[in-house]
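> One structure, as structure tokens, below. Some questions next.
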Amino acid sequence: MKTARREAWTGRVLLIVLMAATLMPFLSLFVTALHPSGSYPLGLEWPDDPQWGNFATAFTAARMTELLKSSVLIVLGVVPISLVVATMAGFAIGHLRIPGRRVIFVAFLLGLTLPFEGIITPLYYLVRDMGVLNTRWAIILPLIGLFMPFSVFWMRAHFVNMPEELSESARIDGAGTWQLFWKVHVPLAAPATSSLAILLFLWTWNQFLLAIVLVDDPLQRTMSGALGAFQGQWGTDIPLLCAGSLLILTPTLLVFLIFQRRFVTALLQGSLKG
Amino acid sequence: MKAAVKRRSGSRWAGWLFVLPAAAFYVVFVIQPLAMTVQYSLYSWDGIGVATWNGVQNYLRVFTDPDLFAAILNAIKLIVFFSAVPVVLGLAIAATIRRIAASRLALVARTVIFLPQVIPLVAAGITWSWLLSSTGLVNQLLTYIGLEKITRAWLGEFSTALPAVGVIGAWVLLGLCTLLLLAGMSKIDPALYEAARLDGAGPLREFVSITLPSLRQEIGVCVTVTVVAALASFDIVYISTQGGPGNASMVPGLEIYYLAFSERQVGVASALAVVLTVLVIACALPIQWLTRDRSS
């Protein structure tokens with residue numbers, strides 16, 4: 001019994017240390033953001049005269065409203081299309097058991113660990129020839145394709161576990177495959193699709209490589225890509241850079257804190273499956 | 001009967017219509033560019049003019065040019081930080097907090113240690129560039145505990161830039177690994193531990209004989225995810241060091257970006273891209289295979 005209590009205490013101490021190590025960087029960012037713009041403060045030092053106005057300055061300098069709008073538009077382009085398309089494919093591969101499903105599934109699996117850098121060069125020329133370079137479509141369209149292996153994999157895993165009888169009875173009631181899909185299976189797939197939506201939202205929002213290569217204008221990029229440009233522009237003004245970084249982080253943090261339980265579960269499952 | 005079978009198999013083929021849109025996106029934006037990368041890698045091309053056939057010259061350069069090869073080696077070195085540190089530390093932490101995993105503190109901690117996984121890597125890069133700078137928190141802490149002598153601009157010196165980048169990666173990935181392993185541990189039957197206790201096993205023995213073997217699959221996932229993150233690292237390096245100083249922290253992902261879009265050596269960039277892709281798949285597949293849950 002004594003060992004168990006000692007273990008519990010070590011565990012608690014360790015958890016607190018771990019949380020501190022996770023939060024300390026954010027704290028340093030926050031404290032630094034309050035120093036006078038252009039100064040060179042120490043890493044963790046409360047300013048004599050906190051400059052709350054830095055956040056407002058950074059908000060204007062980073063053009064946050066436009067950035068938010070751009071990221072939201074990109075997410076709205078990627079997530080719904082991916083969900084519909086991947087759910088259909090997952091349904092066909094996992095539930096309809098179409099001929100050749102094994103081959104097509106393995107073909108999708110091959111793309112699962114593909115590093116984006118591996119195809120970024122041709123993507124540039126491809127997107128340019130499609131005439132969408134430097135528009136949000138340059139990020140949206142390739143991302144749908146790049147997320148497709150995981151999305152199909154995820155949805156198939158759901159549909160494989162759907163009982164055959166479900167479809168049998170719907171078919172007896174005269175439903176065609178199309179109705180069967182939309183009326184019966186799409187509503188039942190809601191837990192799988194909503195988790196997938198969370199993951200896709202996060203990956204799109206945080207996408208950096210595609211944003212900096214395929215879109216020049218930071219205002220047409222994802223939040224992450226815009227942050228990169230912001231660093232390039234304000235990199236020497238440390239308090240302002242810290243304030244801007246915190247602002248750009250805030251939307252993700254808010255979404256995370258609101259849906260935290262779902263997020264953690266989805267991400268853990270996501271990596272387990274991937 | 002025959003007609004029914006026929007109708008059925010017909011509708012099975014019709015199921016392909018459902019796969020078509022997904023396959024189209026995948027083929028156009030992944031398979032096609034992948035094939036184009038392989039094609040580009042065999043040519044000498046500046047991205048504008050006429051491409052000339054170059055055979056395997058670009059590949060030879062990837063393996064003989066010290067700068068390019070160093071980038072590949074750096075990516076492999078990063079595995080120590082991105083993969084070994086989070087997995088080993090994650091195992092130790094998860095094993096220690098296993099018993100209190102359901103407590104209120106642990107639930108709060110679950111959210112907190114997940115934060116690095118949610119924020120953009122770019123933000124992690126900016127934050128840590130500041131922490132590791134000469135006046136940053138890391139040096140401040142070192143001075144505080146009397147290690148003033150070793151303080152430096154961690155990301156700016158040849159010998160420390162790459163490990164410093166590694167520390168950022170370890171910070172990002174530690175929470176994910178810990179939580180994944182903890183989730184795996186919660187699935188282990190507590191009766192196993194009780195039996196071990198009755199047999200007089202200590203915590204270490206328990207860990208080696210019960211925890212580790214049961215976590216095979218979760219460890220496999222952690223190793224795969226983190227190794228891929230190390231080999232294909234881009235965002236963190238781009239933000240924190242740009243590959244510098246000199247070439248000290250250059251990684252293949254960043255090198256591809258520079259070669260293709262600044263130096264206009266599309267052929268060499270593509271050869272490196274092919275090598276990186278093969279390397280990632282060559283690492284990910286065996287780990288997956290070795291740690292796969294044989295029962296499923």
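Residue names in the structure tokens use chain letters A, B, ... in the order shown, residue numbers from 1 in each chain, and ligand numbers from 1 in the order shown.
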Residues of chain A near chain B: apply a cut-off of 7 Å, count only C-alpha atoms, and supply the list as number ranges by chain.
A: 7-8, 11, 15, 19, 22, 25, 29, 42-44, 85-86, 88-89, 92, 96, 98-99, 113-115, 117-119, 121-123, 142, 144-146, 148, 206, 208, 224, 228, 245, 249, 252, 260, 268, 271-272
> Excluding Lys69 (chain A) and its own-chain neighbours fewer than 2 positions away, which residues fall within 10 Å of it when counting only C-alpha atoms? Please give them as a ChimeraX atom specification.
/A:64-67,71-75,219-223
> Please, could you write that set of residues out with C-alpha atoms as a compact mmCIF listing (two decimals), in the first residue's frame?

# COMPACT_ATOMS: atom_id res chain seq x y z
CA MET A 64 -5.86 39.36 -38.30
CA THR A 65 -9.38 39.84 -39.65
CA GLU A 66 -8.27 39.10 -43.20
CA LEU A 67 -6.10 36.20 -42.07
CA SER A 71 -8.03 30.45 -43.20
CA VAL A 72 -11.74 29.91 -42.72
CA LEU A 73 -12.31 29.97 -46.49
CA ILE A 74 -9.55 27.40 -47.01
CA VAL A 75 -10.92 25.15 -44.28
CA LEU A 219 -3.47 37.21 -46.86
CA GLN A 220 -4.56 34.32 -49.09
CA ARG A 221 -2.77 31.71 -47.00
CA THR A 222 -3.54 29.57 -44.01
CA MET A 223 -2.94 30.95 -40.53
> I want to know what sits within 8 Å of Pro149 (chain A), based on only C-alpha atoms, with residues of the same chain fewer than 4 positions away left out; could you give that as a count of residues only?
8
> Just list the residues in region 11-216 of chain A DSSP gives helix (DSSP H, G or I) on the backbone, as number ranges by chain.
A: 11-33, 53-61, 64-96, 101-110, 116-118, 120-129, 137-160, 164-172, 177-188, 190-205, 209-214
> What's the separation between CA of Ala75 (chain B) and CA of Gly169 (chain B), in Å to one decimal place?
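CA of Ala75 (chain B) sits 11.9 Å away from CA of Gly169 (chain B).
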> Show me, as number ranges by chain, the residues that have an atom within 8 Å of Val78 (chain A) when counting only C-alpha atoms, minus same-chain residues fewer than 4 positions from it.
A: 74, 82, 140-141, 143-144, 200, 204
> For CA of Gln231 (chain A) and CA of Ala71 (chain B), determine how far apart the two atoms are, in Å to one decimal place.
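Spanning CA of Gln231 (chain A) to CA of Ala71 (chain B) is a straight-line distance of 24.2 Å.
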> Using only C-alpha atoms, which of B:Gly200, B:Glu157, B:Arg104, B:Leu212 sits nearest Arg12 (chain A)?
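Closest to Arg12 (chain A) of all the choices is B:Arg104.
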> Please, what distance in Å, to one decimal, runs between CA of Val165 (chain B) and CA of Val237 (chain B)?
6.6 Å
